[in-house]
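Colleague: Contents of run.csv (CSV, C-alpha atoms):
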```
chain,number,residue,atom,x,y,z
A,1,MET,CA,28.2,-15.7,6.4
A,2,MET,CA,29.4,-12.6,8.2
A,3,ASP,CA,32.9,-12.0,9.4
A,4,ILE,CA,31.6,-10.5,12.6
A,5,THR,CA,29.1,-11.8,15.2
A,6,MET,CA,26.2,-9.4,15.5
A,7,LYS,CA,24.4,-8.8,18.7
A,8,LEU,CA,21.1,-6.9,19.2
A,9,ASP,CA,22.9,-3.8,20.6
A,10,ASP,CA,25.1,-3.8,17.5
A,11,LEU,CA,22.0,-3.0,15.4
A,12,LYS,CA,21.7,0.3,17.2
A,13,GLN,CA,25.3,1.1,16.5
A,14,ALA,CA,24.8,0.2,12.8
A,15,TRP,CA,21.6,2.4,12.7
A,16,GLN,CA,23.6,5.3,14.1
A,17,SER,CA,26.3,4.9,11.4
A,18,LEU,CA,23.6,4.7,8.8
A,19,ASP,CA,22.1,8.0,10.1
A,20,LYS,CA,25.5,9.7,9.6
A,21,ARG,CA,25.8,8.4,6.1
A,22,LEU,CA,22.2,9.4,5.2
A,23,GLN,CA,22.8,13.0,6.5
A,24,GLN,CA,25.9,13.2,4.4
A,25,GLN,CA,24.0,12.3,1.3
A,26,SER,CA,22.4,15.5,-0.1
A,27,ALA,CA,20.9,13.9,-3.2
A,28,LEU,CA,17.3,14.0,-1.8
A,29,ASP,CA,15.6,17.1,-2.8
A,30,LEU,CA,12.8,17.4,-0.2
A,31,ALA,CA,12.2,21.0,-1.3
A,32,ALA,CA,10.4,19.7,-4.4
A,33,PHE,CA,7.4,18.5,-2.3
A,34,ARG,CA,5.2,21.4,-3.3
A,35,GLU,CA,5.5,20.7,-7.0
A,36,ARG,CA,5.2,17.0,-6.7
A,37,LYS,CA,2.0,15.4,-7.9
A,38,VAL,CA,0.7,13.7,-4.7
A,39,GLY,CA,0.5,9.9,-5.1
A,40,GLY,CA,0.3,7.3,-2.4
A,41,ILE,CA,-2.8,6.6,-0.5
A,42,ARG,CA,-5.0,9.4,-2.0
A,43,ILE,CA,-4.1,8.8,-5.6
A,44,SER,CA,-4.7,5.1,-5.4
A,45,LEU,CA,-8.1,5.8,-3.9
A,46,ARG,CA,-9.1,8.3,-6.5
A,47,PRO,CA,-10.3,5.9,-9.2
A,48,LEU,CA,-12.2,4.0,-6.6
A,49,PHE,CA,-13.9,7.3,-5.5
A,50,TRP,CA,-15.0,8.2,-9.0
A,51,GLY,CA,-16.0,4.7,-9.7
A,52,GLN,CA,-18.3,4.6,-6.7
A,53,LEU,CA,-19.8,8.0,-7.7
A,54,LEU,CA,-20.6,6.6,-11.2
A,55,GLN,CA,-22.1,3.6,-9.6
A,56,ILE,CA,-24.4,5.8,-7.4
A,57,LEU,CA,-25.4,7.5,-10.6
A,58,PHE,CA,-26.1,4.1,-12.2
A,59,GLY,CA,-28.1,3.2,-9.0
A,60,ILE,CA,-30.2,6.3,-9.3
A,61,VAL,CA,-31.0,5.6,-13.0
A,62,THR,CA,-31.9,2.0,-12.1
A,63,VAL,CA,-34.2,3.2,-9.3
A,64,VAL,CA,-35.9,5.6,-11.7
A,65,ALA,CA,-36.3,2.8,-14.3
A,66,GLY,CA,-37.7,0.4,-11.7
A,67,VAL,CA,-40.2,2.9,-10.4
A,68,TRP,CA,-41.3,3.8,-13.9
A,69,LEU,CA,-41.9,0.1,-14.7
A,70,TRP,CA,-43.9,-0.9,-11.6
A,71,LYS,CA,-45.9,2.4,-11.6
A,72,HIS,CA,-46.9,2.4,-15.3
A,73,PHE,CA,-47.4,-1.4,-15.7
A,74,SER,CA,-48.9,-2.3,-12.3
A,75,ALA,CA,-51.6,-4.2,-14.1
A,76,ILE,CA,-49.2,-6.6,-15.7
A,77,THR,CA,-47.9,-8.8,-12.8
A,78,ALA,CA,-44.6,-9.9,-14.5
A,79,ILE,CA,-43.6,-6.3,-15.2
A,80,LEU,CA,-44.8,-5.1,-11.7
A,81,VAL,CA,-42.5,-7.7,-10.1
A,82,ALA,CA,-39.6,-7.0,-12.5
A,83,GLY,CA,-40.0,-3.2,-11.8
A,84,ILE,CA,-39.9,-3.8,-8.0
A,85,LEU,CA,-36.8,-6.0,-8.3
A,86,VAL,CA,-35.0,-3.4,-10.5
A,87,HIS,CA,-36.0,-0.7,-7.9
A,88,LEU,CA,-34.6,-2.7,-5.0
A,89,TYR,CA,-31.4,-3.4,-7.0
A,90,GLY,CA,-30.9,0.3,-7.6
A,91,VAL,CA,-31.3,1.0,-3.9
A,92,ALA,CA,-28.9,-1.8,-3.0
A,93,THR,CA,-26.4,-0.4,-5.5
A,94,ILE,CA,-26.6,3.1,-4.0
A,95,ILE,CA,-26.2,1.8,-0.5
A,96,ALA,CA,-23.2,-0.4,-1.5
A,97,SER,CA,-21.5,2.5,-3.2
A,98,GLY,CA,-22.3,4.9,-0.4
A,99,THR,CA,-20.7,2.5,2.1
A,100,VAL,CA,-17.5,2.4,0.1
A,101,LEU,CA,-17.5,6.2,-0.2
A,102,GLY,CA,-17.9,6.4,3.6
A,103,GLY,CA,-14.9,4.2,4.0
A,104,ILE,CA,-12.8,6.4,1.7
A,105,SER,CA,-13.8,9.5,3.7
A,106,ARG,CA,-12.4,7.8,6.9
A,107,ILE,CA,-8.9,7.4,5.4
A,108,ASP,CA,-6.6,9.9,7.1
A,109,ARG,CA,-2.9,9.4,6.6
A,110,SER,CA,-2.1,11.0,10.0
A,111,LEU,CA,-3.9,8.2,11.9
A,112,PRO,CA,-1.9,5.8,14.0
A,113,VAL,CA,-0.3,3.2,11.7
A,114,LEU,CA,-2.3,0.2,12.8
A,115,GLU,CA,-5.6,2.0,12.8
A,116,LEU,CA,-5.1,3.3,9.2
A,117,GLN,CA,-4.0,-0.2,8.0
A,118,GLN,CA,-7.2,-1.6,9.5
A,119,ARG,CA,-9.3,1.0,7.9
A,120,LEU,CA,-7.7,0.4,4.5
A,121,ALA,CA,-8.2,-3.4,4.9
A,122,LYS,CA,-11.8,-2.9,5.9
A,123,LEU,CA,-12.3,-0.6,2.8
A,124,ARG,CA,-10.8,-3.3,0.5
A,125,LYS,CA,-13.3,-5.8,2.0
A,126,THR,CA,-16.2,-3.4,1.7
A,127,TYR,CA,-15.3,-2.7,-1.9
A,128,ILE,CA,-15.2,-6.4,-2.8
A,129,LEU,CA,-18.5,-7.1,-1.1
A,130,SER,CA,-20.0,-4.1,-2.8
A,131,GLY,CA,-18.9,-5.5,-6.1
A,132,ALA,CA,-20.7,-8.8,-5.3
A,133,VAL,CA,-23.9,-6.9,-4.4
A,134,VAL,CA,-23.8,-5.0,-7.7
A,135,GLY,CA,-22.6,-7.9,-9.8
A,136,LEU,CA,-24.3,-11.1,-8.6
A,137,PRO,CA,-28.0,-10.0,-9.3
A,138,TRP,CA,-27.1,-9.7,-13.0
A,139,TRP,CA,-27.5,-13.5,-13.1
A,140,VAL,CA,-31.2,-12.7,-13.1
A,141,LEU,CA,-31.6,-9.0,-13.9
A,142,TRP,CA,-30.6,-9.5,-17.6
A,143,LEU,CA,-34.0,-11.2,-18.0
A,144,VAL,CA,-35.9,-8.0,-17.0
A,145,PRO,CA,-35.9,-6.3,-20.4
A,146,VAL,CA,-36.8,-9.7,-22.0
A,147,ILE,CA,-39.8,-10.1,-19.5
A,148,VAL,CA,-40.9,-6.5,-20.2
A,149,VAL,CA,-40.9,-6.9,-24.0
A,150,VAL,CA,-42.6,-10.3,-23.9
A,151,SER,CA,-45.2,-9.1,-21.4
A,152,LEU,CA,-46.0,-6.0,-23.4
A,153,LYS,CA,-46.4,-8.2,-26.5
A,154,ASN,CA,-48.6,-10.6,-24.6
A,155,ALA,CA,-50.8,-7.7,-23.5
A,156,GLN,CA,-51.3,-6.6,-27.1
A,157,THR,CA,-52.0,-10.1,-28.4
A,158,GLY,CA,-54.1,-11.2,-25.4
A,159,VAL,CA,-51.8,-14.0,-24.4
A,160,THR,CA,-51.5,-14.6,-20.7
A,161,GLY,CA,-48.5,-15.8,-18.8
A,162,LEU,CA,-44.8,-15.9,-19.7
A,163,PRO,CA,-43.5,-18.5,-22.1
A,164,GLY,CA,-41.9,-21.6,-20.6
A,165,TRP,CA,-38.4,-20.8,-21.8
A,166,ILE,CA,-38.4,-17.6,-19.6
A,167,TRP,CA,-39.3,-19.6,-16.5
A,168,VAL,CA,-36.7,-22.1,-17.3
A,169,SER,CA,-34.1,-19.3,-17.8
A,170,LEU,CA,-35.2,-17.7,-14.6
A,171,ALA,CA,-34.9,-20.9,-12.7
A,172,ALA,CA,-31.5,-21.7,-14.3
A,173,CYS,CA,-30.1,-18.2,-13.6
A,174,THR,CA,-31.4,-18.2,-10.0
A,175,PHE,CA,-29.8,-21.6,-9.5
A,176,GLY,CA,-26.5,-20.2,-11.1
A,177,MET,CA,-26.5,-17.2,-8.7
A,178,LEU,CA,-27.1,-19.4,-5.6
A,179,ALA,CA,-24.6,-22.0,-6.8
A,180,THR,CA,-21.9,-19.2,-7.1
A,181,LEU,CA,-22.5,-18.3,-3.5
A,182,VAL,CA,-22.5,-21.9,-2.3
A,183,PHE,CA,-19.4,-22.8,-4.4
A,184,ASP,CA,-17.5,-19.8,-2.8
A,185,ARG,CA,-18.4,-21.0,0.7
A,186,TRP,CA,-17.3,-24.5,-0.3
A,187,LEU,CA,-14.0,-23.3,-1.5
A,188,LYS,CA,-13.3,-21.7,1.9
A,189,ARG,CA,-13.3,-25.1,3.7
A,190,PRO,CA,-10.0,-26.5,4.8
A,191,GLY,CA,-8.3,-28.9,2.4
A,192,ARG,CA,-9.3,-26.9,-0.7
A,193,GLU,CA,-6.6,-24.3,-0.6
A,194,ALA,CA,-5.0,-25.3,-3.9
A,195,LEU,CA,-8.3,-25.2,-5.8
A,196,ALA,CA,-9.2,-22.0,-4.1
A,197,LYS,CA,-5.9,-20.4,-5.2
A,198,ARG,CA,-6.5,-21.5,-8.8
A,199,MET,CA,-9.9,-19.8,-8.7
A,200,GLU,CA,-8.5,-16.6,-7.2
A,201,ASP,CA,-7.6,-14.9,-10.5
A,202,SER,CA,-11.1,-15.3,-11.9
A,203,ALA,CA,-13.3,-15.1,-8.8
A,204,ALA,CA,-13.8,-12.2,-6.4
A,205,GLY,CA,-13.8,-14.7,-3.6
A,206,GLY,CA,-10.0,-14.9,-3.5
A,207,SER,CA,-9.7,-11.2,-3.1
A,208,LEU,CA,-12.3,-11.2,-0.3
A,209,ARG,CA,-10.4,-14.0,1.5
A,210,ARG,CA,-7.2,-12.1,1.2
A,211,ALA,CA,-8.9,-8.9,2.5
A,212,GLN,CA,-10.4,-10.8,5.4
A,213,ALA,CA,-7.1,-12.5,6.2
A,214,GLU,CA,-5.4,-9.1,6.3
A,215,LEU,CA,-8.1,-7.8,8.7
A,216,ASP,CA,-7.7,-10.9,10.9
A,217,GLU,CA,-3.9,-10.5,10.9
A,218,LEU,CA,-4.1,-6.8,11.9
A,219,LYS,CA,-6.6,-7.6,14.6
A,220,ARG,CA,-4.3,-10.3,16.0
A,221,TYR,CA,-1.4,-7.9,15.9
A,222,ALA,CA,-3.4,-5.3,17.9
A,223,GLU,CA,-4.5,-7.9,20.5
A,224,GLU,CA,-1.3,-9.9,21.0
B,1,MET,CA,4.6,35.8,11.0
B,2,ASP,CA,6.0,33.0,8.9
B,3,SER,CA,3.9,31.6,6.1
B,4,PRO,CA,2.7,28.0,6.4
B,5,HIS,CA,5.2,27.0,3.7
B,6,THR,CA,8.1,28.5,5.6
B,7,ARG,CA,7.0,26.9,8.9
B,8,PHE,CA,6.6,23.5,7.2
B,9,ALA,CA,9.9,23.8,5.3
B,10,THR,CA,11.7,24.6,8.6
B,11,LEU,CA,10.1,21.7,10.4
B,12,LEU,CA,10.8,19.3,7.5
B,13,ASP,CA,14.4,20.3,7.4
B,14,GLU,CA,14.8,19.9,11.2
B,15,HIS,CA,13.3,16.4,11.0
B,16,ARG,CA,14.5,15.4,7.5
B,17,GLY,CA,16.3,12.4,9.1
B,18,ILE,CA,12.9,10.8,9.8
B,19,VAL,CA,12.0,10.9,6.2
B,20,LEU,CA,15.3,9.6,5.0
B,21,LYS,CA,15.4,6.7,7.5
B,22,VAL,CA,11.8,5.6,6.8
B,23,ALA,CA,12.5,5.6,3.1
B,24,ASN,CA,15.6,3.6,3.7
B,25,THR,CA,13.8,1.1,5.9
B,26,TYR,CA,11.1,0.4,3.3
B,27,CYS,CA,12.9,0.6,0.0
B,28,ARG,CA,15.9,-1.4,-1.2
B,29,HIS,CA,16.8,0.5,-4.3
B,30,ALA,CA,18.2,4.1,-4.5
B,31,GLU,CA,15.6,5.3,-7.0
B,32,ASP,CA,12.7,3.9,-5.0
B,33,ARG,CA,14.1,5.5,-1.8
B,34,ARG,CA,14.3,8.9,-3.5
B,35,ASP,CA,10.8,8.5,-4.9
B,36,LEU,CA,9.4,7.4,-1.5
B,37,ALA,CA,11.2,10.2,0.4
B,38,GLN,CA,9.7,12.8,-2.0
B,39,GLU,CA,6.3,11.2,-1.7
B,40,ILE,CA,6.4,11.3,2.1
B,41,ALA,CA,7.4,15.0,2.0
B,42,ALA,CA,4.5,15.7,-0.4
B,43,GLN,CA,2.0,13.9,1.8
B,44,LEU,CA,3.3,15.7,4.9
B,45,TRP,CA,2.8,19.1,3.1
B,46,ARG,CA,-0.7,18.1,2.1
B,47,ALA,CA,-1.6,17.0,5.6
B,48,PHE,CA,0.1,20.0,7.2
B,49,PRO,CA,-3.0,22.2,7.5
B,50,GLY,CA,-4.4,19.5,9.9
B,51,TYR,CA,-1.3,19.4,12.1
B,52,ASP,CA,-2.0,20.3,15.7
B,53,ALA,CA,1.0,22.4,16.9
B,54,ALA,CA,0.2,21.4,20.5
B,55,ARG,CA,1.3,17.8,19.7
B,56,PRO,CA,4.9,16.7,18.9
B,57,PHE,CA,5.8,17.2,15.2
B,58,SER,CA,7.9,14.1,15.2
B,59,THR,CA,5.0,11.8,16.2
B,60,TRP,CA,2.7,13.3,13.5
B,61,MET,CA,5.5,13.0,11.0
B,62,TYR,CA,6.3,9.4,11.9
B,63,ARG,CA,2.7,8.4,11.5
B,64,ILE,CA,2.4,9.9,8.0
B,65,ALA,CA,5.8,8.7,6.8
B,66,LEU,CA,5.2,5.2,8.0
B,67,ASN,CA,1.7,5.0,6.5
B,68,VAL,CA,2.9,6.3,3.2
B,69,ALA,CA,5.8,3.8,3.2
B,70,ILE,CA,3.6,0.8,4.1
B,71,SER,CA,1.2,1.7,1.3
B,72,HIS,CA,4.2,2.1,-1.0
B,73,LEU,CA,5.4,-1.4,0.0
B,74,ARG,CA,2.0,-2.9,-0.5
B,75,ASN,CA,1.6,-1.4,-3.9
B,76,ALA,CA,5.1,-2.6,-4.8
B,77,GLY,CA,3.9,-6.1,-3.9
B,78,SER,CA,4.1,-7.5,-0.4
B,79,ARG,CA,7.2,-7.8,1.7
B,80,ALA,CA,10.6,-7.5,0.3
B,81,PRO,CA,12.2,-10.9,-0.2
B,82,VAL,CA,14.7,-12.1,2.3
B,83,VAL,CA,18.1,-11.1,0.9
B,84,PRO,CA,21.1,-13.4,1.6
B,85,LEU,CA,23.7,-11.5,3.7
B,86,ASP,CA,26.5,-12.2,1.2
B,87,GLU,CA,24.5,-10.6,-1.7
B,88,GLU,CA,25.9,-7.3,-2.8
B,89,HIS,CA,23.7,-4.4,-1.5
B,90,ASP,CA,25.1,-2.1,-4.1
B,91,THR,CA,22.1,0.2,-3.9
B,92,HIS,CA,22.4,0.8,-0.1
B,93,PRO,CA,24.6,3.8,0.9
B,94,GLY,CA,28.3,3.4,0.6
B,95,PHE,CA,29.4,-0.2,1.1
B,96,THR,CA,33.1,-0.6,0.7
B,97,VAL,CA,35.3,-3.5,-0.3
B,98,ASP,CA,36.8,-5.8,2.3
B,99,ASP,CA,40.1,-4.1,3.3
B,100,GLY,CA,40.0,-5.1,6.9
B,101,SER,CA,39.3,-1.6,8.0
B,102,ALA,CA,36.9,-0.3,10.6
B,103,GLN,CA,34.9,1.1,7.7
B,104,HIS,CA,34.4,-2.4,6.3
B,105,GLU,CA,33.3,-3.7,9.7
B,106,THR,CA,30.7,-0.9,9.8
B,107,ASP,CA,29.5,-2.0,6.4
B,108,GLN,CA,29.2,-5.6,7.6
B,109,ARG,CA,27.0,-4.4,10.5
B,110,LEU,CA,24.9,-2.4,8.1
B,111,ARG,CA,24.4,-5.4,5.8
B,112,ALA,CA,23.2,-7.4,8.8
B,113,LEU,CA,20.9,-4.5,9.8
B,114,TYR,CA,19.3,-4.5,6.4
B,115,ALA,CA,19.0,-8.2,6.3
B,116,VAL,CA,17.1,-8.1,9.7
B,117,ILE,CA,14.9,-5.2,8.5
B,118,ASP,CA,14.0,-7.0,5.3
B,119,ARG,CA,12.7,-10.0,7.2
B,120,GLN,CA,10.1,-8.1,9.2
B,121,SER,CA,6.5,-7.4,8.3
B,122,PRO,CA,5.6,-3.8,7.3
B,123,ILE,CA,4.3,-2.9,10.8
B,124,ASP,CA,7.1,-4.7,12.6
B,125,ARG,CA,9.6,-2.7,10.5
B,126,ALA,CA,7.9,0.4,11.9
B,127,LEU,CA,8.3,-0.9,15.4
B,128,LEU,CA,11.9,-1.8,14.8
B,129,LEU,CA,12.6,1.6,13.3
B,130,LEU,CA,11.1,3.4,16.3
B,131,TRP,CA,13.1,1.2,18.7
B,132,LEU,CA,16.3,1.9,16.8
B,133,GLU,CA,15.6,5.6,17.0
B,134,ASP,CA,15.4,5.3,20.8
B,135,ARG,CA,11.8,6.6,20.9
B,136,SER,CA,9.9,6.2,24.2
B,137,GLN,CA,7.4,3.5,24.6
B,138,ARG,CA,4.7,6.2,24.9
B,139,GLU,CA,5.7,7.7,21.5
B,140,ILE,CA,5.9,4.3,19.9
B,141,ALA,CA,2.4,3.5,21.2
B,142,ASP,CA,1.1,6.8,19.9
B,143,VAL,CA,2.6,6.2,16.4
B,144,ILE,CA,1.7,2.6,16.0
B,145,GLY,CA,-1.7,2.9,17.7
B,146,ILE,CA,-1.3,0.3,20.5
B,147,THR,CA,-1.0,0.5,24.3
B,148,GLU,CA,2.3,1.0,26.0
B,149,SER,CA,2.2,-2.4,27.6
B,150,ASN,CA,1.5,-3.9,24.1
B,151,VAL,CA,4.6,-2.0,22.8
B,152,SER,CA,6.7,-3.6,25.6
B,153,THR,CA,5.4,-7.1,24.7
B,154,LYS,CA,5.9,-6.7,21.0
B,155,LEU,CA,9.3,-5.3,21.4
B,156,ASN,CA,10.4,-8.2,23.5
B,157,ARG,CA,9.1,-10.6,20.9
B,158,LEU,CA,10.6,-8.7,18.1
B,159,LYS,CA,14.0,-8.6,19.8
B,160,GLN,CA,13.8,-12.4,20.5
B,161,ARG,CA,13.1,-13.0,16.8
B,162,ILE,CA,15.9,-10.7,15.7
B,163,ARG,CA,18.4,-12.6,18.1
B,164,GLU,CA,17.3,-15.8,16.4
B,165,GLN,CA,17.7,-14.3,12.9
B,166,LEU,CA,21.1,-12.9,13.8
B,167,ALA,CA,22.2,-16.3,15.1
B,168,GLU,CA,21.0,-17.8,11.7
B,169,LEU,CA,23.0,-15.2,9.8
B,170,ASP,CA,26.1,-16.1,11.9
B,171,THR,CA,25.7,-19.9,11.2
B,172,PRO,CA,28.0,-21.2,8.4
```
Output the file's structure as structure tokens, nothing else.
Modeller:
Amino acid sequence: MMDITMKLDDLKQAWQSLDKRLQQQSALDLAAFRERKVGGIRISLRPLFWGQLLQILFGIVTVVAGVWLWKHFSAITAILVAGILVHLYGVATIIASGTVLGGISRIDRSLPVLELQQRLAKLRKTYILSGAVVGLPWWVLWLVPVIVVVSLKNAQTGVTGLPGWIWVSLAACTFGMLATLVFDRWLKRPGREALAKRMEDSAAGGSLRRAQAELDELKRYAEE
Amino acid sequence: MDSPHTRFATLLDEHRGIVLKVANTYCRHAEDRRDLAQEIAAQLWRAFPGYDAARPFSTWMYRIALNVAISHLRNAGSRAPVVPLDEEHDTHPGFTVDDGSAQHETDQRLRALYAVIDRQSPIDRALLLLWLEDRSQREIADVIGITESNVSTKLNRLKQRIREQLAELDTP
């Protein structure tokens, strides 16, 4: 408990006395700004920037691989379809990474405070969604090399159609991918906050919810 | 004609109080404050080529300083926890022992000020700082990025919240 009763105007007096004390302290060496390695907003975004560039490179390689597959093996339906899927995945990866890079380019520290915070929150959300676009299809994509190898072997031996276990795996993995999406939406319903929080550390959904909540809060702040 | 570095150093020195006060608002520990102040100065220097001399330097400086400070706070891990008023703020500048002097009364007011600041969200801290600095509503709107009427509404709400918080602090 305080010995004095503080009123709102007292805060301004306290602020002025703080100003005097800070001016008296000469410990801060602001002249070292030129030599200082710049951190803050830009440094924390640098790994993201390079990561997205690498992802674009990966997307390009994937597009090339996909085109090669459907172009050279157009007579084998399974490989044709696999090639097209890989091609589309590569394009989606490039678009997702490009969107994140676009978000990074719009980060300017001299923007008004609320606007910059909104852009940062939107960038966080875009990054998380981009991760889902790039990551989720691997439920199914890992089967592509298996399908290619089996189809080529079938072409040599004259066997038609894919073995049953591949269809079962494809169905199971597609179900797994859809179930991940449905489960994430189910977690967001009211009454499941405790379970959702436990899943946060392992699932991207928690990060996405936090990013969206932050965006919503900033929007409310701007509109109130 | 002065070099950009000389011009910047002059402007920074004239407005060093802004850097020190923003660092003090967003950091509780002396080492963090020093680090943040130097980070703000470095970011200001980096952004200086983009500064439009036709606009007030203080507005430009507040935006960058506050943006850097809010990011710093976010990286450090959300809002600073609420600190009980009777806890020793030994890392804040120059608190003295209770000797009944005017100095001690000033210290008490500063403790209350810090307690109030610590309870605000990062953006409301920015709003509070600009109000304490007697900045015009127009400048506050320009720095925060809201309309002047929105500034007025938010300041009224902030002041009401602070009155309630001060009343809590005064309650045994």
Colleague: Between B:His5, B:Arg157, B:Arg55, B:Arg109, which has the minimum distance to chain A (counting only C-alpha atoms)?
Modeller: B:Arg109
Colleague: Record the distance separating atom CA of A:Pro112 and atom CA of B:Ile144, expressed in Å with one decimal.
Modeller: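 Atom CA of B:Ile144 lies at a distance of 5.2 Å from atom CA of A:Pro112.
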Colleague: Work out how far apart atom CA of A:Val144 and atom CA of A:Ala82 are and give it in Å to one decimal.
Modeller: 5.9 Å
Colleague: How close does chain B get to chain A? List, as CSV, each residue of chain B within 7 Å, its nearest atom pair and the distance in Å to one decimal, counting only C-alpha atoms.
Modeller:
```
residue,atom,partner,partner_atom,distance
B:Leu20,CA,A:Leu22,CA,6.9
B:Arg34,CA,A:Leu28,CA,6.2
B:Gln38,CA,A:Leu30,CA,5.8
B:Glu39,CA,A:Val38,CA,6.8
B:Ala41,CA,A:Phe33,CA,5.5
B:Ala42,CA,A:Phe33,CA,4.5
B:Gln43,CA,A:Val38,CA,6.6
B:Trp60,CA,A:Ser110,CA,6.4
B:Arg63,CA,A:Ser110,CA,5.7
B:Ile64,CA,A:Ser110,CA,5.0
B:Leu66,CA,A:Val113,CA,6.9
B:Asn67,CA,A:Val113,CA,5.9
B:Val68,CA,A:Gly40,CA,6.3
B:Ser71,CA,A:Ile41,CA,6.6
B:His72,CA,A:Gly40,CA,6.6
B:Leu85,CA,A:Met1,CA,6.7
B:Asp86,CA,A:Met1,CA,6.5
B:Thr106,CA,A:Ala14,CA,6.7
B:Arg109,CA,A:Ala14,CA,5.6
B:Leu110,CA,A:Ala14,CA,5.4
B:Leu113,CA,A:Leu11,CA,5.9
B:Leu132,CA,A:Lys12,CA,5.6
B:Asp142,CA,A:Pro112,CA,6.7
B:Val143,CA,A:Pro112,CA,5.1
B:Ile144,CA,A:Val113,CA,4.8
B:Gly145,CA,A:Pro112,CA,4.7
B:Ile146,CA,A:Ala222,CA,6.5
B:Arg163,CA,A:Leu8,CA,6.4
B:Leu166,CA,A:Met6,CA,6.4
B:Leu169,CA,A:Met1,CA,6.2
B:Asp170,CA,A:Met1,CA,5.9
B:Thr171,CA,A:Met1,CA,6.9
B:Pro172,CA,A:Met1,CA,5.9
```
Colleague: What does the distance between atom CA of A:Arg119 and atom CA of A:Ile107 come to in Å, to one decimal place?
Modeller: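 Here the two named atoms are 6.9 Å from each other.
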Colleague: Which residues are near A:Gly135? Cut-off 12 Å, only C-alpha atoms, ignore same chain within fewer than 3 positions. Put them as a list in words.
Modeller: Gln55, Tyr89, Gly90, Ala92, Thr93, Ala96, Tyr127, Ile128, Leu129, Ser130, Gly131, Ala132, Trp138, Trp139, Val140, Leu141, Trp142, Met177, Thr180, Ala203 and Ala204 of chain A
Colleague: Counting all atoms listed in the file, which residue out of A:Arg124, A:Trp167, A:Val148, A:Arg192 sits closest to A:Ile76?
Modeller: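 Ranking A:Arg124, A:Trp167, A:Val148, A:Arg192 by distance to A:Ile76, first place goes to A:Val148.
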Colleague: Could you name the residues that touch B:Ala69 at 8 Å or less, counting only C-alpha atoms, but leaving out those on the same chain fewer than 6 positions away, as a list in words?
Modeller: Val22, Ala23, Tyr26, Leu36 and Ile40 of chain B
Colleague: Can you pull out the residues contacting B:His15? Cut-off 9 Å, using all atoms listed in the file, and skip same-chain residues under 3 positions away; I want them as a list in words.
Modeller: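 The contact residues come out as Thr10, Leu11, Leu12, Ile18, Val19, Phe57, Ser58 and Met61 of chain B.
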Colleague: Do a neighbour search on stretch 63-65 of chain A at 12 Å with all atoms listed in the file, toss out local chain neighbours closer than 6 positions, and write the hits as a list of chain:residue names.
Modeller: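 In the requested form, the answer reads A:Ile56, A:Leu57, A:Lys71, A:His72, A:Phe73, A:Ile79, A:Leu80, A:Ala82, A:Gly83, A:Ile84, A:Leu85, A:Val86, A:His87, A:Leu88, A:Tyr89, A:Gly90, A:Val91, A:Ala92, A:Thr93, A:Ile94, A:Ile95, A:Val144, A:Pro145, A:Val148.
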